[in-house]
file work21.cif (mmCIF, C-alpha atoms)
data_model
#
loop_
_atom_site.label_atom_id
_atom_site.label_comp_id
_atom_site.auth_asym_id
_atom_site.auth_seq_id
_atom_site.Cartn_x
_atom_site.Cartn_y
_atom_site.Cartn_z
CA LEU A 40 70.44 -22.41 39.93
CA LEU A 41 73.05 -20.95 42.27
CA ALA A 42 70.30 -19.40 44.37
CA ALA A 43 68.63 -22.80 44.68
CA ILE A 44 71.87 -24.53 45.67
CA PHE A 45 72.89 -21.91 48.23
CA ALA A 46 69.39 -20.94 49.39
CA SER A 47 70.18 -21.55 53.06
CA GLN A 48 73.20 -19.24 52.88
CA ILE A 49 71.55 -16.53 50.76
CA SER A 50 68.22 -16.23 52.59
CA THR A 51 68.06 -13.76 55.43
CA HIS A 52 65.20 -15.37 57.36
CA ASN A 53 63.58 -18.72 57.96
CA PRO A 54 61.06 -18.86 55.08
CA THR A 55 58.47 -20.83 57.07
CA ARG A 56 58.62 -18.78 60.26
CA LEU A 57 55.44 -16.80 60.92
CA ASN A 58 55.75 -13.32 62.41
CA PRO A 59 52.32 -11.64 62.45
CA ALA A 60 53.77 -8.47 64.01
CA GLN A 61 55.78 -7.90 60.79
CA ARG A 62 53.01 -8.69 58.30
CA LEU A 63 52.75 -6.77 55.01
CA ARG A 64 55.90 -4.72 55.60
CA PRO A 65 57.21 -3.02 52.42
CA PRO A 66 60.74 -3.75 51.12
CA SER A 67 63.39 -2.47 53.50
CA ALA A 68 66.90 -3.17 54.73
CA ALA A 69 65.52 -5.80 57.13
CA ASN A 70 63.30 -7.44 54.51
CA TYR A 71 64.70 -6.91 51.05
CA LEU A 72 61.45 -7.77 49.26
CA GLY A 73 59.03 -7.05 52.09
CA THR A 74 56.87 -9.51 54.03
CA ASP A 75 53.63 -11.33 53.26
CA GLU A 76 50.36 -11.50 55.18
CA PHE A 77 51.86 -13.97 57.67
CA GLY A 78 54.99 -11.93 58.28
CA ARG A 79 57.24 -14.25 56.28
CA ASP A 80 60.19 -12.71 54.47
CA VAL A 81 59.38 -12.65 50.73
CA PHE A 82 63.04 -12.67 49.71
CA SER A 83 63.66 -15.88 51.65
CA LEU A 84 60.48 -17.41 50.24
CA VAL A 85 61.56 -16.62 46.67
CA VAL A 86 65.07 -17.97 47.20
CA HIS A 87 63.88 -21.23 48.78
CA GLY A 88 61.04 -21.46 46.27
CA SER A 89 63.60 -21.72 43.48
CA ARG A 90 64.55 -25.16 44.84
CA VAL A 91 61.07 -26.56 44.32
CA SER A 92 60.50 -24.92 40.94
CA LEU A 93 63.86 -25.96 39.47
CA LEU A 94 63.59 -29.45 40.96
CA VAL A 95 60.18 -29.91 39.33
CA GLY A 96 61.45 -28.53 36.01
CA GLY A 97 64.63 -30.62 35.95
CA VAL A 98 63.17 -33.95 37.04
CA THR A 99 60.12 -33.53 34.80
CA MET A 100 62.45 -32.89 31.86
CA LEU A 101 64.42 -36.04 32.73
CA PHE A 102 61.36 -38.29 33.14
CA THR A 103 59.72 -36.87 30.02
CA SER A 104 62.85 -37.34 27.93
CA LEU A 105 63.41 -40.92 29.07
CA GLY A 106 59.79 -42.01 28.79
CA GLY A 107 59.11 -40.12 25.57
CA THR A 108 62.26 -41.51 23.95
CA LEU A 109 61.32 -45.09 24.83
CA ILE A 110 57.76 -44.68 23.55
CA GLY A 111 58.89 -42.88 20.41
CA LEU A 112 61.49 -45.53 19.59
CA VAL A 113 59.00 -48.36 20.00
CA ALA A 114 56.27 -46.62 17.99
CA GLY A 115 58.58 -45.46 15.22
CA TYR A 116 60.54 -48.70 14.79
CA TYR A 117 57.74 -51.23 15.18
CA ARG A 118 55.07 -50.12 12.75
CA ARG A 119 52.54 -52.64 14.08
CA LEU A 120 52.63 -50.92 17.49
CA ASP A 121 52.63 -47.44 16.04
CA LEU A 122 48.86 -47.12 15.62
CA LEU A 123 48.03 -48.36 19.13
CA VAL A 124 50.73 -46.43 20.99
CA MET A 125 50.38 -43.12 19.18
CA ARG A 126 46.60 -43.08 19.34
CA PHE A 127 46.95 -43.30 23.12
CA MET A 128 49.44 -40.42 23.01
CA ASP A 129 47.00 -38.45 20.82
CA GLY A 130 44.31 -39.10 23.41
CA LEU A 131 46.46 -37.57 26.14
CA MET A 132 47.26 -34.58 23.94
CA ALA A 133 43.57 -34.02 23.25
CA PHE A 134 43.26 -32.53 26.73
CA PRO A 135 44.92 -29.21 27.62
CA ALA A 136 48.06 -30.05 29.57
CA ILE A 137 47.22 -28.00 32.64
CA ILE A 138 43.67 -29.43 32.84
CA LEU A 139 45.02 -32.99 32.72
CA ALA A 140 47.61 -32.12 35.37
CA ILE A 141 44.90 -30.65 37.63
CA ALA A 142 42.83 -33.83 37.24
CA PHE A 143 45.84 -35.96 38.17
CA MET A 144 46.60 -33.80 41.20
CA ALA A 145 42.98 -33.96 42.31
CA ALA A 146 43.24 -37.76 42.28
CA ARG A 147 46.67 -38.02 43.91
CA GLY A 148 46.69 -35.05 46.28
CA PRO A 149 49.28 -32.28 46.77
CA GLY A 150 52.99 -33.08 46.86
CA VAL A 151 56.19 -32.28 45.01
CA TRP A 152 56.58 -35.75 43.49
CA ASN A 153 52.91 -35.87 42.54
CA VAL A 154 53.44 -32.60 40.64
CA ILE A 155 56.46 -34.11 38.88
CA LEU A 156 54.53 -37.26 37.93
CA ALA A 157 51.54 -35.25 36.72
CA LEU A 158 53.63 -32.94 34.54
CA SER A 159 55.71 -35.84 33.21
CA LEU A 160 52.52 -37.59 32.18
CA VAL A 161 51.05 -34.62 30.34
CA TYR A 162 54.26 -33.55 28.55
CA MET A 163 55.57 -37.01 27.63
CA PRO A 164 53.42 -37.32 24.47
CA ARG A 165 55.15 -34.25 22.97
CA THR A 166 58.55 -35.88 23.30
CA ALA A 167 57.22 -39.22 22.09
CA LEU A 168 55.81 -37.63 18.92
CA LEU A 169 59.09 -35.85 18.24
CA VAL A 170 61.21 -38.99 18.66
CA ARG A 171 58.74 -41.07 16.62
CA SER A 172 58.89 -38.67 13.69
CA THR A 173 62.69 -38.73 13.78
CA VAL A 174 62.78 -42.52 13.95
CA LEU A 175 60.38 -42.81 10.99
CA SER A 176 62.71 -40.66 8.87
CA LEU A 177 65.78 -42.67 9.86
CA ARG A 178 64.61 -46.30 9.87
CA GLU A 179 64.53 -46.53 6.08
CA LEU A 180 67.99 -45.07 5.48
CA ASP A 181 70.68 -47.25 3.92
CA TYR A 182 72.93 -47.55 6.95
CA VAL A 183 70.01 -48.77 9.08
CA ALA A 184 68.99 -51.28 6.41
CA ALA A 185 72.62 -52.45 6.23
CA ALA A 186 72.72 -52.99 10.00
CA ARG A 187 69.55 -55.10 9.80
CA ALA A 188 70.98 -57.05 6.85
CA LEU A 189 74.03 -57.92 8.97
CA GLY A 190 71.73 -59.60 11.46
CA ARG A 191 71.75 -56.97 14.20
CA ARG A 192 68.94 -57.26 16.70
CA ASP A 193 66.16 -54.68 16.47
CA TRP A 194 67.00 -52.99 19.77
CA ALA A 195 70.69 -52.90 18.88
CA VAL A 196 69.85 -51.14 15.62
CA ALA A 197 67.46 -48.74 17.33
CA VAL A 198 69.79 -47.83 20.20
CA ARG A 199 73.12 -47.80 18.35
CA HIS A 200 72.18 -46.43 14.94
CA ILE A 201 68.93 -44.49 15.35
CA LEU A 202 68.89 -43.12 18.90
CA PRO A 203 72.10 -41.01 18.59
CA ASN A 204 70.50 -39.07 15.71
CA CYS A 205 67.50 -38.27 17.93
CA LEU A 206 69.56 -36.54 20.62
CA ALA A 207 69.80 -33.10 18.97
CA PRO A 208 66.01 -32.51 18.66
CA LEU A 209 65.54 -34.20 22.03
CA LEU A 210 67.84 -31.70 23.77
CA VAL A 211 65.97 -28.79 22.21
CA GLN A 212 62.64 -30.27 23.26
CA GLY A 213 63.98 -30.81 26.76
CA THR A 214 64.68 -27.10 27.23
CA PHE A 215 61.07 -26.30 26.31
CA ILE A 216 59.76 -29.00 28.66
CA PHE A 217 61.84 -27.53 31.50
CA ALA A 218 60.30 -24.09 31.00
CA TYR A 219 56.80 -25.54 30.61
CA ALA A 220 57.20 -27.53 33.83
CA VAL A 221 58.41 -24.54 35.86
CA LEU A 222 55.46 -22.46 34.68
CA ALA A 223 52.98 -25.30 35.17
CA GLU A 224 54.21 -25.92 38.72
CA ALA A 225 53.57 -22.25 39.50
CA ILE A 226 50.08 -22.48 37.97
CA LEU A 227 49.24 -25.57 40.04
CA GLY A 228 50.56 -23.87 43.17
CA PHE A 229 48.56 -20.73 42.41
CA LEU A 230 45.40 -22.83 42.03
CA GLY A 231 46.10 -24.64 45.29
CA VAL A 232 46.56 -28.12 43.80
CA GLY A 233 50.36 -28.20 43.57
CA VAL A 234 52.86 -28.53 46.38
CA PRO A 235 51.47 -28.11 49.92
CA PRO A 236 50.98 -24.48 51.05
CA TYR A 237 53.65 -24.77 53.74
CA VAL A 238 56.33 -25.59 51.14
CA PRO A 239 57.92 -22.42 49.69
CA SER A 240 57.38 -22.26 45.93
CA TRP A 241 56.91 -19.42 43.50
CA GLY A 242 53.33 -20.41 42.76
CA ASN A 243 52.41 -20.60 46.44
CA VAL A 244 53.94 -17.19 47.18
CA ILE A 245 52.11 -15.57 44.24
CA ALA A 246 48.88 -17.19 45.39
CA SER A 247 49.33 -15.93 48.94
CA GLY A 248 49.73 -12.38 47.64
CA LYS A 249 46.65 -12.27 45.44
CA ASN A 250 44.36 -11.50 48.38
CA VAL A 251 46.45 -8.52 49.47
CA ILE A 252 47.51 -7.27 46.05
CA ARG A 253 46.22 -3.76 46.74
CA GLU A 254 47.84 -3.40 50.14
CA ALA A 255 51.08 -5.29 49.41
CA PHE A 256 51.70 -5.71 45.71
CA TRP A 257 55.30 -6.82 46.34
CA VAL A 258 54.22 -10.21 47.68
CA SER A 259 53.15 -11.37 44.21
CA LEU A 260 55.31 -9.03 42.14
CA PHE A 261 58.79 -10.30 43.01
CA PRO A 262 58.14 -14.05 42.73
CA GLY A 263 56.29 -13.28 39.48
CA ILE A 264 59.33 -11.48 38.10
CA THR A 265 61.58 -14.37 39.17
CA LEU A 266 59.26 -16.86 37.50
CA THR A 267 59.25 -14.80 34.30
CA VAL A 268 63.04 -14.63 34.19
CA ALA A 269 63.46 -18.34 34.91
CA GLY A 270 60.77 -19.49 32.46
#

call {"tool": "encode", "arguments": {"input": "work21.cif", "output": "structure tokens"}}
result
Amino acid sequence: LLAAIFASQISTHNPTRLNPAQRLRPPSAANYLGTDEFGRDVFSLVVHGSRVSLLVGGVTMLFTSLGGTLIGLVAGYYRRLDLLVMRFMDGLMAFPAIILAIAFMAARGPGVWNVILALSLVYMPRTALLVRSTVLSLRELDYVAAARALGRRDWAVAVRHILPNCLAPLLVQGTFIFAYAVLAEAILGFLGVGVPPYVPSWGNVIASGKNVIREAFWVSLFPGITLTVAG
């Protein structure tokens, strides 16, 4: 996180500057993690790539938590909507998350916010199912029935008496979603359907090194290690 915030101060080179004369240089004092096939400094690419990866992970976690909580509350509290809403969520979960994200990116095109929207869409059903199950176990408790008997509106009961008890499992789920999103962003970048190639990201750097893995293994190695530690 600190590397992402202070990327401009930490990096030693402009991450998007091409320098063909310095291509595929091994790690040295001038280039801490070596250079890639375009002569870009790998250390600077990794540092600036943390901004994209952590942005995608954090915003995806936020969107997924908000959307999943809303859907889960509605489905769990209003039993008549439960069947319709959750069958749609089951339909989304029937597809592997990364395949559904690739399909969304193919329709929308590359871009950071398109990646965030795609990953939010595919991971939201997980949060919705978790919140729904919690709501179903709470809605029949005595204190909730007492609140309804006092004439409280449905949304007041759901938000004031049920939602606070969903926060603990929601926070745990959010940490998993963050890690899933960081890894998925790297996968999309590696496949060439994530953020544009000119934007530094861990997935893009790993993808650029796969063609020169024998001559310059460091291009993919160091962003891969960073991704492993962060995820």

call {"tool": "closest_residue", "arguments": {"input": "work21.cif", "among": "A:Leu227, A:Phe261, A:Ala114, A:Ala185", "to": "Ile138 (chain A)", "atoms": "all atoms listed in the file"}}
result
A:Leu227

call {"tool": "closest_residue", "arguments": {"input": "work21.cif", "among": "A:Ala43, A:Leu63, A:Val154, A:Ala255", "to": "Ala269 (chain A)", "atoms": "all atoms listed in the file"}}
result
A:Ala43

call {"tool": "atom_distance", "arguments": {"input": "work21.cif", "atom1": "CA of Gly96 (chain A)", "atom2": "CA of Leu40 (chain A)"}}
result
11.6 Å

call {"tool": "closest_residue", "arguments": {"input": "work21.cif", "among": "A:Cys205, A:Ile110, A:Val151, A:Ala188", "to": "Tyr237 (chain A)", "atoms": "all atoms listed in the file"}}
result
A:Val151

call {"tool": "atom_distance", "arguments": {"input": "work21.cif", "atom1": "CA of Met125 (chain A)", "atom2": "CA of Leu94 (chain A)"}}
result
28.9 Å

call {"tool": "resolve_selection", "arguments": {"input": "work21.cif", "expression": "the PyMOL selection byres ((chain A and resi 170) around 8)", "output": "list in words"}}
result
Gly107, Thr108, Gly111, Leu112, Gly115, Thr166, Ala167, Leu168, Leu169, Arg171, Ser172, Thr173, Val174, Cys205 and Leu209 of chain A

call {"tool": "residues_around", "arguments": {"input": "work21.cif", "residues": "Val81 (chain A)", "least_positions_apart": "6", "cutoff": "8 Å", "atoms": "all atoms listed in the file", "output": "list of chain:residue names"}}
result
A:Pro54, A:Asn70, A:Tyr71, A:Leu72, A:Gly73, A:Thr74, A:Asp75, A:Val244, A:Val258

call {"tool": "closest_residue", "arguments": {"input": "work21.cif", "among": "A:Arg90, A:Pro239, A:Tyr182, A:Ala197", "to": "Tyr117 (chain A)", "atoms": "all atoms listed in the file"}}
result
A:Ala197

call {"tool": "residues_near_point", "arguments": {"input": "work21.cif", "point": "(54.9, -39.9, 37.9)", "cutoff": "12 Å", "atoms": "only C-alpha atoms", "output": "mmCIF file with C-alpha atoms, keeping the file's coordinate frame"}}
result
data_model
loop_
_atom_site.group_PDB
_atom_site.id
_atom_site.type_symbol
_atom_site.label_atom_id
_atom_site.label_comp_id
_atom_site.auth_asym_id
_atom_site.auth_seq_id
_atom_site.Cartn_x
_atom_site.Cartn_y
_atom_site.Cartn_z
ATOM 1 C CA VAL A 95 60.180 -29.910 39.330
ATOM 2 C CA VAL A 98 63.170 -33.950 37.040
ATOM 3 C CA THR A 99 60.120 -33.530 34.800
ATOM 4 C CA MET A 100 62.450 -32.890 31.860
ATOM 5 C CA LEU A 101 64.420 -36.040 32.730
ATOM 6 C CA PHE A 102 61.360 -38.290 33.140
ATOM 7 C CA THR A 103 59.720 -36.870 30.020
ATOM 8 C CA GLY A 106 59.790 -42.010 28.790
ATOM 9 C CA ALA A 140 47.610 -32.120 35.370
ATOM 10 C CA PHE A 143 45.840 -35.960 38.170
ATOM 11 C CA MET A 144 46.600 -33.800 41.200
ATOM 12 C CA ARG A 147 46.670 -38.020 43.910
ATOM 13 C CA GLY A 150 52.990 -33.080 46.860
ATOM 14 C CA VAL A 151 56.190 -32.280 45.010
ATOM 15 C CA TRP A 152 56.580 -35.750 43.490
ATOM 16 C CA ASN A 153 52.910 -35.870 42.540
ATOM 17 C CA VAL A 154 53.440 -32.600 40.640
ATOM 18 C CA ILE A 155 56.460 -34.110 38.880
ATOM 19 C CA LEU A 156 54.530 -37.260 37.930
ATOM 20 C CA ALA A 157 51.540 -35.250 36.720
ATOM 21 C CA LEU A 158 53.630 -32.940 34.540
ATOM 22 C CA SER A 159 55.710 -35.840 33.210
ATOM 23 C CA LEU A 160 52.520 -37.590 32.180
ATOM 24 C CA VAL A 161 51.050 -34.620 30.340
ATOM 25 C CA TYR A 162 54.260 -33.550 28.550
ATOM 26 C CA MET A 163 55.570 -37.010 27.630
#

call {"tool": "atom_distance", "arguments": {"input": "work21.cif", "atom1": "CA of Ser47 (chain A)", "atom2": "CA of Ser89 (chain A)"}}
result
11.6 Å

call {"tool": "closest_residue", "arguments": {"input": "work21.cif", "among": "A:Phe45, A:Phe229, A:Pro262, A:Ala184", "to": "Ala246 (chain A)", "atoms": "only C-alpha atoms"}}
result
A:Phe229

call {"tool": "resolve_selection", "arguments": {"input": "work21.cif", "expression": "the PyMOL selection byres ((chain A and resi 78) around 9)", "output": "list in words"}}
result
Arg56, Leu57, Asn58, Pro59, Ala60, Gln61, Arg62, Leu63, Arg64, Gly73, Thr74, Asp75, Glu76, Phe77, Arg79, Asp80 and Val81 of chain A

call {"tool": "closest_residue", "arguments": {"input": "work21.cif", "among": "A:Leu222, A:Val211, A:Ala42, A:Leu206", "to": "Ser92 (chain A)", "atoms": "all atoms listed in the file"}}
result
A:Leu222

call {"tool": "resolve_selection", "arguments": {"input": "work21.cif", "expression": "the PyMOL selection byres ((chain A and resi 198) around 12)", "output": "VMD selection string"}}
result
chain A and resid 108 to 109 111 to 113 116 174 178 183 186 191 to 197 199 to 206

call {"tool": "residues_around", "arguments": {"input": "work21.cif", "residues": "Val221 (chain A)", "least_positions_apart": "2", "cutoff": "8 Å", "atoms": "only C-alpha atoms", "output": "ChimeraX atom specification"}}
result
/A:92-93,95-96,217-219,223-225,266,270

call {"tool": "build_atoms", "arguments": {"input": "work21.cif", "residues": "region 112-128 of chain A", "atoms": "N, CA, C and O atoms", "output": "compact mmCIF listing (two decimals), keeping the file's coordinate frame"}}
result
# COMPACT_ATOMS: atom_id res chain seq x y z
N LEU A 112 60.71 -44.50 20.25
CA LEU A 112 61.49 -45.53 19.59
C LEU A 112 60.64 -46.74 19.25
O LEU A 112 60.71 -47.29 18.14
N VAL A 113 59.85 -47.18 20.22
CA VAL A 113 59.00 -48.36 20.00
C VAL A 113 57.97 -48.09 18.90
O VAL A 113 57.78 -48.90 17.98
N ALA A 114 57.31 -46.93 18.98
CA ALA A 114 56.27 -46.62 17.99
C ALA A 114 56.85 -46.39 16.61
O ALA A 114 56.25 -46.81 15.60
N GLY A 115 58.01 -45.74 16.52
CA GLY A 115 58.58 -45.46 15.22
C GLY A 115 59.24 -46.66 14.57
O GLY A 115 59.20 -46.80 13.33
N TYR A 116 59.81 -47.56 15.36
CA TYR A 116 60.54 -48.70 14.79
C TYR A 116 59.61 -49.87 14.48
O TYR A 116 59.76 -50.52 13.45
N TYR A 117 58.68 -50.13 15.39
CA TYR A 117 57.74 -51.23 15.18
C TYR A 117 56.43 -50.67 14.66
O TYR A 117 55.61 -50.17 15.43
N ARG A 118 56.22 -50.75 13.37
CA ARG A 118 55.07 -50.12 12.75
C ARG A 118 53.76 -50.73 13.22
O ARG A 118 52.73 -50.05 13.24
N ARG A 119 53.78 -52.00 13.63
CA ARG A 119 52.54 -52.64 14.08
C ARG A 119 52.06 -52.06 15.42
O ARG A 119 50.87 -52.09 15.71
N LEU A 120 53.01 -51.54 16.21
CA LEU A 120 52.63 -50.92 17.49
C LEU A 120 52.36 -49.43 17.35
O LEU A 120 51.83 -48.81 18.28
N ASP A 121 52.72 -48.89 16.22
CA ASP A 121 52.63 -47.44 16.04
C ASP A 121 51.21 -46.94 16.22
O ASP A 121 50.97 -45.96 16.95
N LEU A 122 50.25 -47.59 15.57
CA LEU A 122 48.86 -47.12 15.62
C LEU A 122 48.34 -47.14 17.04
O LEU A 122 47.75 -46.15 17.51
N LEU A 123 48.56 -48.22 17.77
CA LEU A 123 48.03 -48.36 19.13
C LEU A 123 48.68 -47.35 20.08
O LEU A 123 47.99 -46.63 20.81
N VAL A 124 50.02 -47.29 20.05
CA VAL A 124 50.73 -46.43 20.99
C VAL A 124 50.46 -44.96 20.73
O VAL A 124 50.15 -44.18 21.65
N MET A 125 50.51 -44.55 19.47
CA MET A 125 50.38 -43.12 19.18
C MET A 125 48.95 -42.65 19.29
O MET A 125 48.72 -41.47 19.55
N ARG A 126 47.97 -43.53 19.11
CA ARG A 126 46.60 -43.08 19.34
C ARG A 126 46.37 -42.81 20.83
O ARG A 126 45.61 -41.92 21.19
N PHE A 127 47.03 -43.59 21.68
CA PHE A 127 46.95 -43.30 23.12
C PHE A 127 47.61 -41.97 23.44
O PHE A 127 47.10 -41.18 24.24
N MET A 128 48.77 -41.71 22.82
CA MET A 128 49.44 -40.42 23.01
C MET A 128 48.57 -39.27 22.50
O MET A 128 48.48 -38.21 23.13
